[in-house]
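This is run.tsv. It holds TSV, C-alpha atoms and all ligand atoms.
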chain	number	residue	atom	x	y	z
A	10	MET	CA	118.91	109.54	168.88
A	11	MET	CA	119.83	112.58	170.99
A	12	ILE	CA	123.59	112.82	171.67
A	13	LYS	CA	124.69	114.81	174.71
A	14	VAL	CA	127.97	116.64	174.20
A	15	ILE	CA	130.30	118.72	176.38
A	16	ILE	CA	133.07	120.83	174.86
A	17	LEU	CA	136.28	121.63	176.71
A	18	GLY	CA	137.97	124.67	175.20
A	19	GLY	CA	136.99	128.13	174.04
A	20	GLY	CA	139.24	128.68	171.03
A	21	ASN	CA	138.64	128.69	167.28
A	22	VAL	CA	137.52	125.08	166.87
A	23	ALA	CA	135.65	124.85	170.19
A	24	MET	CA	133.54	127.92	169.41
A	25	HIS	CA	132.71	126.80	165.87
A	26	LEU	CA	131.72	123.37	167.17
A	27	ALA	CA	129.64	124.93	169.96
A	28	HIS	CA	127.63	127.02	167.49
A	29	VAL	CA	127.04	124.15	165.09
A	30	PHE	CA	125.95	121.83	167.95
A	31	ILE	CA	123.55	124.45	169.29
A	32	LYS	CA	121.86	124.61	165.87
A	33	ALA	CA	121.92	120.86	165.14
A	34	HIS	CA	118.95	118.56	165.60
A	35	GLU	CA	119.38	115.67	168.00
A	36	ILE	CA	122.52	117.11	169.62
A	37	LYS	CA	122.35	118.61	173.07
A	38	LEU	CA	125.26	120.83	174.00
A	39	VAL	CA	125.11	120.25	177.74
A	40	GLN	CA	128.03	122.46	178.82
A	41	VAL	CA	131.16	124.26	177.66
A	42	PHE	CA	134.29	124.47	179.81
A	43	ASN	CA	137.15	126.91	179.32
A	44	ARG	CA	139.85	127.95	181.81
A	45	THR	CA	139.01	131.58	180.88
A	46	LEU	CA	135.27	132.24	181.19
A	47	THR	CA	135.23	135.47	179.18
A	48	SER	CA	135.82	133.78	175.83
A	49	ILE	CA	132.78	131.48	176.22
A	50	GLU	CA	130.46	133.97	177.95
A	51	ASN	CA	128.42	134.56	174.79
A	52	LEU	CA	127.30	130.90	174.93
A	53	LYS	CA	125.59	131.47	178.29
A	54	GLU	CA	122.10	131.86	176.82
A	55	HIS	CA	122.38	128.53	174.96
A	56	THR	CA	124.21	126.22	177.35
A	57	ALA	CA	125.86	125.91	180.77
A	58	ILE	CA	129.38	127.32	180.98
A	59	THR	CA	132.11	126.76	183.56
A	60	ASP	CA	135.79	127.35	184.25
A	61	ASN	CA	135.90	124.62	186.88
A	62	LEU	CA	136.70	121.08	185.75
A	63	LYS	CA	135.28	119.74	189.01
A	64	LYS	CA	131.85	121.02	187.95
A	65	ILE	CA	131.69	119.10	184.70
A	66	LYS	CA	128.27	117.61	184.01
A	67	LYS	CA	127.28	114.26	182.49
A	68	ALA	CA	127.33	113.67	178.74
A	69	ASP	CA	127.81	110.97	176.10
A	70	ILE	CA	130.83	112.59	174.47
A	71	TYR	CA	133.43	115.01	175.89
A	72	ILE	CA	135.27	116.94	173.16
A	73	ILE	CA	138.62	118.37	174.24
A	74	SER	CA	139.48	121.18	171.84
A	75	VAL	CA	142.39	122.99	173.46
A	76	SER	CA	145.95	123.75	172.27
A	77	ASP	CA	147.76	120.54	171.36
A	78	SER	CA	150.23	120.96	174.21
A	79	ALA	CA	147.36	121.11	176.76
A	80	ILE	CA	145.22	118.15	175.62
A	81	LYS	CA	146.94	115.64	177.89
A	82	LEU	CA	146.70	117.94	180.91
A	83	VAL	CA	143.00	118.72	180.43
A	84	ALA	CA	142.26	115.02	179.78
A	85	SER	CA	144.01	114.01	183.00
A	86	LYS	CA	142.01	116.51	185.03
A	87	LEU	CA	138.72	115.41	183.51
A	88	LYS	CA	137.14	112.96	185.93
A	89	ILE	CA	134.18	111.31	184.26
A	90	ASN	CA	132.50	107.98	184.45
A	91	ASN	CA	132.96	105.70	181.46
A	92	ALA	CA	131.99	108.27	178.80
A	93	LEU	CA	133.73	108.82	175.46
A	94	VAL	CA	136.53	111.44	175.44
A	95	VAL	CA	137.87	112.76	172.13
A	96	HIS	CA	140.19	115.50	170.93
A	97	THR	CA	140.06	117.54	167.71
A	98	SER	CA	143.74	117.61	166.81
A	99	GLY	CA	145.33	116.71	163.48
A	100	SER	CA	148.77	116.16	164.93
A	101	SER	CA	148.11	114.47	168.29
A	102	SER	CA	147.72	110.72	168.59
A	103	ILE	CA	144.67	109.11	170.15
A	104	ALA	CA	147.15	107.80	172.76
A	105	VAL	CA	147.26	111.19	174.56
A	106	LEU	CA	143.82	110.24	175.91
A	107	LYS	CA	144.90	106.86	177.24
A	108	ASP	CA	143.91	107.78	180.82
A	109	HIS	CA	140.36	107.30	179.62
A	110	LYS	CA	138.90	103.87	178.90
A	111	ARG	CA	136.89	105.12	175.94
A	112	SER	CA	138.83	107.52	173.72
A	113	GLY	CA	138.66	108.87	170.20
A	114	VAL	CA	139.38	111.67	167.77
A	115	PHE	CA	137.00	114.08	166.04
A	116	TYR	CA	139.26	116.09	163.72
A	117	PRO	CA	137.66	118.58	161.33
A	118	LEU	CA	139.88	119.02	158.28
A	119	GLN	CA	139.45	122.76	157.83
A	120	THR	CA	141.11	126.00	158.88
A	121	PHE	CA	139.21	127.91	161.57
A	122	SER	CA	139.47	131.47	162.80
A	123	LYS	CA	137.06	132.69	165.44
A	124	ASN	CA	135.26	135.47	163.60
A	125	ARG	CA	135.01	133.73	160.26
A	126	LYS	CA	131.75	132.01	159.46
A	127	ILE	CA	132.10	128.58	157.95
A	128	ASP	CA	129.63	126.06	156.55
A	129	PHE	CA	130.22	122.97	158.68
A	130	SER	CA	128.19	120.72	156.41
A	131	ASN	CA	131.07	120.71	153.88
A	132	ILE	CA	133.84	119.93	156.36
A	133	PRO	CA	135.30	116.40	156.28
A	134	LEU	CA	135.33	114.99	159.80
A	135	CYS	CA	138.13	112.52	160.51
A	136	ILE	CA	137.09	110.11	163.22
A	137	GLU	CA	138.87	107.40	165.19
A	138	ALA	CA	138.00	105.47	168.36
A	139	THR	CA	139.53	102.74	170.48
A	140	HIS	CA	136.23	100.80	170.53
A	141	SER	CA	134.15	100.02	167.46
A	142	LYS	CA	130.93	101.02	169.25
A	143	ASP	CA	132.41	104.46	169.89
A	144	LEU	CA	133.39	104.80	166.26
A	145	LEU	CA	129.70	104.34	165.46
A	146	LEU	CA	128.77	106.98	168.01
A	147	LEU	CA	131.25	109.46	166.49
A	148	GLN	CA	129.91	108.56	163.06
A	149	GLN	CA	126.41	109.46	164.23
A	150	LEU	CA	127.63	112.74	165.70
A	151	ALA	CA	129.52	113.55	162.49
A	152	MET	CA	126.50	112.83	160.29
A	153	LYS	CA	124.36	115.27	162.27
A	154	ILE	CA	126.62	118.21	161.37
A	155	SER	CA	128.40	117.31	158.13
A	156	LYS	CA	127.94	115.53	154.82
A	157	THR	CA	131.30	113.74	155.02
A	158	TYR	CA	133.27	111.77	157.53
A	159	TYR	CA	136.30	109.47	157.15
A	160	HIS	CA	137.76	106.75	159.35
A	161	ILE	CA	141.36	107.93	159.75
A	162	ASP	CA	143.71	106.33	162.27
A	163	SER	CA	146.38	108.26	164.21
A	164	GLU	CA	149.23	107.36	161.82
A	165	GLN	CA	147.21	108.39	158.76
A	166	ARG	CA	146.06	111.57	160.52
A	167	LYS	CA	149.66	112.69	161.07
A	168	LYS	CA	150.28	112.31	157.32
A	169	LEU	CA	147.01	114.01	156.45
A	170	HIS	CA	147.93	116.91	158.72
A	171	THR	CA	151.26	117.23	156.85
A	172	ALA	CA	149.37	117.35	153.54
A	173	ALA	CA	147.05	119.99	154.99
A	174	VAL	CA	150.07	122.16	155.85
A	175	PHE	CA	151.02	122.13	152.15
A	176	VAL	CA	147.60	123.02	150.74
A	177	ASN	CA	146.66	125.52	153.45
A	178	ASN	CA	149.55	127.00	155.46
A	179	PHE	CA	152.17	127.02	152.70
A	180	VAL	CA	149.85	128.26	149.97
A	181	ASN	CA	148.61	130.99	152.31
A	182	HIS	CA	152.18	132.03	153.08
A	183	LEU	CA	152.90	132.25	149.35
A	184	TYR	CA	149.87	134.58	148.99
A	185	TYR	CA	151.48	136.74	151.67
A	186	LEU	CA	154.89	136.75	150.00
A	187	GLY	CA	153.33	137.63	146.63
A	188	GLY	CA	151.68	140.62	148.31
A	189	GLU	CA	155.00	141.65	149.87
A	190	ILE	CA	156.73	141.63	146.47
A	191	CYS	CA	153.95	143.84	145.03
A	192	THR	CA	154.18	146.29	147.94
A	193	LYS	CA	157.97	146.48	147.62
A	194	TYR	CA	157.62	147.63	144.00
A	195	ASN	CA	154.72	150.05	144.70
A	196	ILE	CA	152.01	147.85	143.25
A	197	GLU	CA	148.66	147.55	145.11
A	198	SER	CA	148.64	143.93	146.39
A	199	ASP	CA	144.85	143.67	145.86
A	200	ILE	CA	145.66	143.26	142.17
A	201	LEU	CA	146.48	139.60	143.03
A	202	ARG	CA	143.04	138.77	144.46
A	203	PRO	CA	141.35	137.48	141.26
A	204	LEU	CA	144.45	135.37	140.56
A	205	ILE	CA	144.34	133.84	144.05
A	206	LYS	CA	140.69	132.93	143.56
A	207	GLU	CA	141.08	131.49	140.05
A	208	THR	CA	144.13	129.44	141.13
A	209	ALA	CA	142.12	127.66	143.82
A	210	ASP	CA	139.01	127.26	141.61
A	211	LYS	CA	141.01	125.89	138.67
A	212	ALA	CA	142.97	123.40	140.80
A	213	LEU	CA	139.65	122.04	142.08
A	214	ASP	CA	138.10	121.95	138.59
A	215	ILE	CA	140.85	120.33	136.54
A	216	SER	CA	143.37	118.96	139.14
A	217	PRO	CA	146.54	120.73	140.33
A	218	LEU	CA	148.69	118.63	137.98
A	219	ASP	CA	146.84	119.88	134.88
A	220	ALA	CA	146.33	123.40	136.21
A	221	GLN	CA	150.05	124.20	136.61
A	222	THR	CA	151.42	127.00	134.40
A	223	GLY	CA	154.48	129.28	134.62
A	224	PRO	CA	158.19	129.39	133.81
A	225	ALA	CA	159.17	126.29	135.83
A	226	ARG	CA	156.61	124.08	134.08
A	227	ARG	CA	157.84	125.35	130.68
A	228	GLY	CA	161.50	124.93	131.63
A	229	ASP	CA	162.01	128.66	130.87
A	230	THR	CA	165.46	129.24	132.41
A	231	ILE	CA	165.77	132.86	131.18
A	232	THR	CA	162.62	134.02	133.05
A	233	PHE	CA	163.54	131.89	136.08
A	234	LYS	CA	166.89	133.72	136.39
A	235	LYS	CA	165.34	137.17	135.80
A	236	HIS	CA	162.76	136.62	138.57
A	237	LEU	CA	165.47	135.72	141.07
A	238	THR	CA	166.96	139.22	140.75
A	239	ASN	CA	163.74	140.78	142.14
A	240	LEU	CA	163.81	138.79	145.36
A	241	THR	CA	165.39	138.86	148.81
A	242	PRO	CA	167.78	135.96	149.61
A	243	ASP	CA	165.03	134.15	151.60
A	244	GLN	CA	162.51	134.57	148.80
A	245	GLN	CA	165.11	133.33	146.30
A	246	GLU	CA	165.50	130.10	148.30
A	247	ILE	CA	161.75	129.47	148.23
A	248	TYR	CA	161.50	130.42	144.55
A	249	LYS	CA	164.30	128.02	143.59
A	250	LEU	CA	163.02	125.13	145.70
A	251	LEU	CA	159.46	125.35	144.37
A	252	SER	CA	160.59	125.94	140.78
A	253	HIS	CA	162.78	122.83	140.85
A	254	SER	CA	159.95	120.78	142.33
A	255	ILE	CA	157.67	121.95	139.50
A	256	SER	CA	160.21	121.44	136.69
A	257	LYS	CA	160.99	117.93	138.00
A	258	THR	CA	157.28	117.07	138.09
A	259	TYR	CA	157.00	117.90	134.37
A	260	GLY	CA	160.35	116.39	133.30
A	261	LYS	CA	161.93	119.81	132.55
A	262	LYS	CA	165.32	121.30	133.47
A	263	LEU	CA	165.99	124.87	134.65
B	1	LIG	N1	142.44	126.29	164.24
B	1	LIG	C1	142.33	125.38	163.32
B	1	LIG	O1	142.23	125.72	162.13
B	1	LIG	C2	142.26	123.91	163.68
B	1	LIG	C3	141.74	123.02	162.71
B	1	LIG	C4	141.59	121.66	163.05
B	1	LIG	C5	141.97	121.22	164.31
B	1	LIG	N2	142.51	122.10	165.22
B	1	LIG	C6	142.86	121.56	166.56
B	1	LIG	O2	141.84	121.93	167.49
B	1	LIG	C7	142.43	122.16	168.79
B	1	LIG	C8	142.14	123.57	169.25
B	1	LIG	O3	142.72	124.47	168.34
B	1	LIG	P1	142.25	126.00	168.24
B	1	LIG	O4	142.86	126.57	167.01
B	1	LIG	O5	140.77	126.07	168.42
B	1	LIG	O6	142.97	126.61	169.53
B	1	LIG	P2	143.00	128.12	170.03
B	1	LIG	O7	142.02	128.96	169.27
B	1	LIG	O8	144.43	128.53	170.06
B	1	LIG	O9	142.46	127.98	171.52
B	1	LIG	C9	143.21	127.31	172.48
B	1	LIG	C10	142.31	126.82	173.58
B	1	LIG	O10	143.08	125.98	174.44
B	1	LIG	C11	142.95	126.48	175.77
B	1	LIG	N3	144.18	126.20	176.49
B	1	LIG	C12	145.45	126.45	176.12
B	1	LIG	N4	146.33	126.05	177.04
B	1	LIG	C13	145.58	125.51	178.05
B	1	LIG	C14	145.91	124.92	179.30
B	1	LIG	N5	147.18	124.79	179.70
B	1	LIG	N6	144.89	124.46	180.08
B	1	LIG	C15	143.60	124.59	179.67
B	1	LIG	N7	143.24	125.14	178.50
B	1	LIG	C16	144.21	125.59	177.69
B	1	LIG	C17	142.70	127.97	175.62
B	1	LIG	O11	142.13	128.47	176.78
B	1	LIG	P3	142.11	130.07	177.05
B	1	LIG	O12	140.97	130.63	176.24
B	1	LIG	O13	141.89	130.13	178.52
B	1	LIG	O14	143.45	130.59	176.62
B	1	LIG	C18	141.73	127.94	174.43
B	1	LIG	O15	140.45	127.58	174.85
B	1	LIG	C19	143.93	121.85	168.63
B	1	LIG	O16	144.14	120.50	168.97
B	1	LIG	C20	144.17	122.07	167.15
B	1	LIG	O17	145.25	121.33	166.66
B	1	LIG	C21	142.64	123.44	164.93
Go ahead and express the file in the form of structure tokens.
Ligand SMILES: NC(=O)c1ccc[n+]([C@@H]2O[C@H](COP(=O)([O-])OP(=O)(O)OC[C@H]3O[C@@H](n4cnc5c(N)ncnc54)[C@H](OP(=O)(O)O)[C@@H]3O)[C@@H](O)[C@H]2O)c1
Amino acid sequence: MMIKVIILGGGNVAMHLAHVFIKAHEIKLVQVFNRTLTSIENLKEHTAITDNLKKIKKADIYIISVSDSAIKLVASKLKINNALVVHTSGSSSIAVLKDHKRSGVFYPLQTFSKNRKIDFSNIPLCIEATHSKDLLLLQQLAMKISKTYYHIDSEQRKKLHTAAVFVNNFVNHLYYLGGEICTKYNIESDILRPLIKETADKALDISPLDAQTGPARRGDTITFKKHLTNLTPDQQEIYKLLSHSISKTYGKKL
């Protein structure tokens, strides 16, 4: 079954979705809207583009993929007849689309940046809809572009988004801080790259609980105290907080 889709937004997620829909079988990307035309201009040869919400065409599913703070506004300006409207946000409830009779969520659990290629087929798609028929429709859309989808309601999605902040945003920030410490002591931060890669690979292979190493897991108070002397006050706070979380997990004291 061919599914006709319109995307509203021209940011990271919107552009990734647009490219994957263009390539997918049995999905027709009818149009892309963005308030700034320049960022979606390169889609012109594949689909219709517009910066005017009054010129929105007909489709089966309208995907609003704009900044969280603008979803409600764009949804309220979108005047369509009884079609399904979804957003792609991890932190916004389905209720922000309540102006529309048929609403849903199509949240890809992945981190997107515009110029980074990503294999969509491995991305878990978290779907939710107010009507069971629409959940089926989103399921069909999901299956055309990815190997995995999950039914996740708005309450669960908020929790999932919190978990995602831990495994993505926080871990990434720790990579950054590790690099800063190297630079401060005249060590090339690239030296950490193989360690970053092996840490992620090992956690996936044998579970994060089994993969943990280091002074906090061993309850090595001497090293713990020595490390603190190399750090700024802010870094010390983070080091202490994470070390205590680790030592507690393994029943050790620092
Ligand atoms: N990035 C991720 O890794 C990621 C992952 C999963 C889900 N999400 C979710 O996907 C959605 C889009 O995120 P993103 O990272 O793709 O955003 P983004 O790259 O920051 O792009 C923001 C988009 O929102 C539009 N916009 C902002 N304010 C607007 C307004 N007042 N009226 C109309 N349009 C407005 C921008 O238009 P202009 O181009 O005109 O500025 C742009 O198209 C969000 O709900 C986000 O939570 C993001």
#### Entry: All residues 12 Å or closer to A:Ala212, all atoms listed in the file, same chain fewer than 6 positions away omitted, as an MDAnalysis selection string
chainID A and resid 176 205:206 218:222
Would you give me, as a Markdown table, each residue of chain A having an atom within 9 Å of an atom of ligand LIG 1 (chain B), along with its shortest atom pair and that distance in Å to one decimal, using all atoms listed in the file and sorting by chain and residue number?
| residue | atom | partner | partner_atom | distance |
| --- | --- | --- | --- | --- |
| A:Leu17 | CA | B:LIG1 | O15 | 7.5 |
| A:Gly18 | CA | B:LIG1 | O15 | 3.8 |
| A:Gly19 | CA | B:LIG1 | O15 | 3.6 |
| A:Gly20 | CA | B:LIG1 | O7 | 3.3 |
| A:Asn21 | CA | B:LIG1 | O5 | 3.6 |
| A:Val22 | CA | B:LIG1 | O5 | 3.7 |
| A:Ala23 | CA | B:LIG1 | O5 | 5.6 |
| A:Met24 | CA | B:LIG1 | O5 | 7.5 |
| A:His25 | CA | B:LIG1 | O5 | 8.5 |
| A:Phe42 | CA | B:LIG1 | O15 | 8.5 |
| A:Asn43 | CA | B:LIG1 | O15 | 5.6 |
| A:Arg44 | CA | B:LIG1 | O13 | 4.4 |
| A:Thr45 | CA | B:LIG1 | O13 | 4.0 |
| A:Leu46 | CA | B:LIG1 | O13 | 7.4 |
| A:Thr47 | CA | B:LIG1 | O12 | 8.1 |
| A:Ser48 | CA | B:LIG1 | O12 | 6.1 |
| A:Ile49 | CA | B:LIG1 | O12 | 8.2 |
| A:Asp60 | CA | B:LIG1 | O13 | 8.8 |
| A:Ile73 | CA | B:LIG1 | C7 | 7.7 |
| A:Ser74 | CA | B:LIG1 | C7 | 4.4 |
| A:Val75 | CA | B:LIG1 | O10 | 3.2 |
| A:Ser76 | CA | B:LIG1 | O10 | 4.2 |
| A:Asp77 | CA | B:LIG1 | O16 | 4.3 |
| A:Ser78 | CA | B:LIG1 | N4 | 7.0 |
| A:Ala79 | CA | B:LIG1 | N5 | 4.7 |
| A:Ile80 | CA | B:LIG1 | O16 | 7.1 |
| A:Leu82 | CA | B:LIG1 | N6 | 6.8 |
| A:Val83 | CA | B:LIG1 | C15 | 5.9 |
| A:His96 | CA | B:LIG1 | O16 | 6.7 |
| A:Thr97 | CA | B:LIG1 | O2 | 4.7 |
| A:Ser98 | CA | B:LIG1 | O16 | 3.6 |
| A:Gly99 | CA | B:LIG1 | O17 | 5.6 |
| A:Ser100 | CA | B:LIG1 | O17 | 6.5 |
| A:Ser101 | CA | B:LIG1 | O16 | 7.3 |
| A:Phe115 | CA | B:LIG1 | C5 | 8.9 |
| A:Tyr116 | CA | B:LIG1 | C5 | 5.8 |
| A:Pro117 | CA | B:LIG1 | C4 | 5.3 |
| A:Leu118 | CA | B:LIG1 | C4 | 5.7 |
| A:Gln119 | CA | B:LIG1 | C3 | 5.4 |
| A:Thr120 | CA | B:LIG1 | O1 | 3.4 |
| A:Phe121 | CA | B:LIG1 | O1 | 3.8 |
| A:Ser122 | CA | B:LIG1 | N1 | 6.1 |
| A:Lys123 | CA | B:LIG1 | O7 | 7.3 |
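One distance worth recording is that between atom CA of A:Ile103 and atom CA of A:Asn90, which is 18.8 Å.
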### Message
What does the structure give for the distance between atom CA of A:Ile12 and atom CA of A:Asp69, in Å to one decimal?
### Response
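Interatomic distance, atom CA of A:Ile12 to atom CA of A:Asp69: 6.4 Å.
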### Task
Within 12 Å of (123.7, 112.2, 164.1) (coordinates as in the file), grab all the protein and nucleic acid residues, counting only C-alpha atoms, and write them out as a list of chain:residue names.
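Residues found, by chain and rising number: A:Met10, A:Met11, A:Ile12, A:Lys13, A:Val14, A:Phe30, A:Ala33, A:His34, A:Glu35, A:Ile36, A:Lys37, A:Leu145, A:Leu146, A:Leu147, A:Gln148, A:Gln149, A:Leu150, A:Ala151, A:Met152, A:Lys153, A:Ile154, A:Ser155, A:Lys156, A:Thr157, A:Tyr158.
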### Separation of atom CA of A:Thr208 from atom CA of A:Asn124, in Å and rounded to one decimal
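One can read the atom CA of A:Thr208 to atom CA of A:Asn124 distance as 24.9 Å.
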### Task
Find the residue from A:Leu93, A:Leu237, A:Val174, A:Leu204 that sits nearest to A:Lys142; use only C-alpha atoms when measuring.
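Under the stated criterion, the closest residue is A:Leu93.
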### Task
Please provide as a ChimeraX atom specification all residues within 12 Å of A:Ala209, with the sequence filter that same-chain residues fewer than 5 positions apart are discarded (counting only C-alpha atoms).
/A:176-177,180-181,184,202-204,214-217,220-221
### Query
With only C-alpha atoms as the atoms that count, which of A:Leu251, A:Leu186, A:Ile15, A:Val94 lies nearest to A:Arg226?
A:Leu251
### Task
Rank nothing, just name the residue among A:Leu144, A:Ile231, A:Leu240, A:Leu52 nearest to A:Gly187, using only C-alpha atoms.
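Checking each candidate against A:Gly187, we get A:Leu240 as the closest.
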If we count only C-alpha atoms and set the cut-off at 6 Å, which residues sit around A:Ile16, ignoring sequence neighbours fewer than 5 positions away in its own chain? Please answer as a CSV table (one decimal) with C-alpha atoms, in the coordinates of the input.
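The resulting selection12.csv:
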chain,number,residue,atom,x,y,z
A,41,VAL,CA,131.2,124.3,177.7
A,71,TYR,CA,133.4,115.0,175.9
A,72,ILE,CA,135.3,116.9,173.2
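In terms of minimum interatomic distance to A:Thr139, A:Ser112 ranks closest within A:Ser85, A:Gln244, A:Ser112, A:Ser254, counting only C-alpha atoms.
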#### Entry: Which residue of A:Lys235, A:Lys88, A:His160, A:Lys53 approaches A:Tyr248 most closely, using all atoms listed in the file
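For A:Tyr248, the nearest of the given residues is A:Lys235.
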### Query
Smallest atom-to-atom distance to A:Ser102: which of A:Ala84, A:Val114, A:Ile127, A:Ile31, using only C-alpha atoms?
A:Val114
### Query
Please, which residues are within 12 Å of (159.1, 125.2, 136.8) by the file's coordinates, counting all atoms listed in the file, and could they come as an NGL selection string?
:A and (221-234 or 248-263)
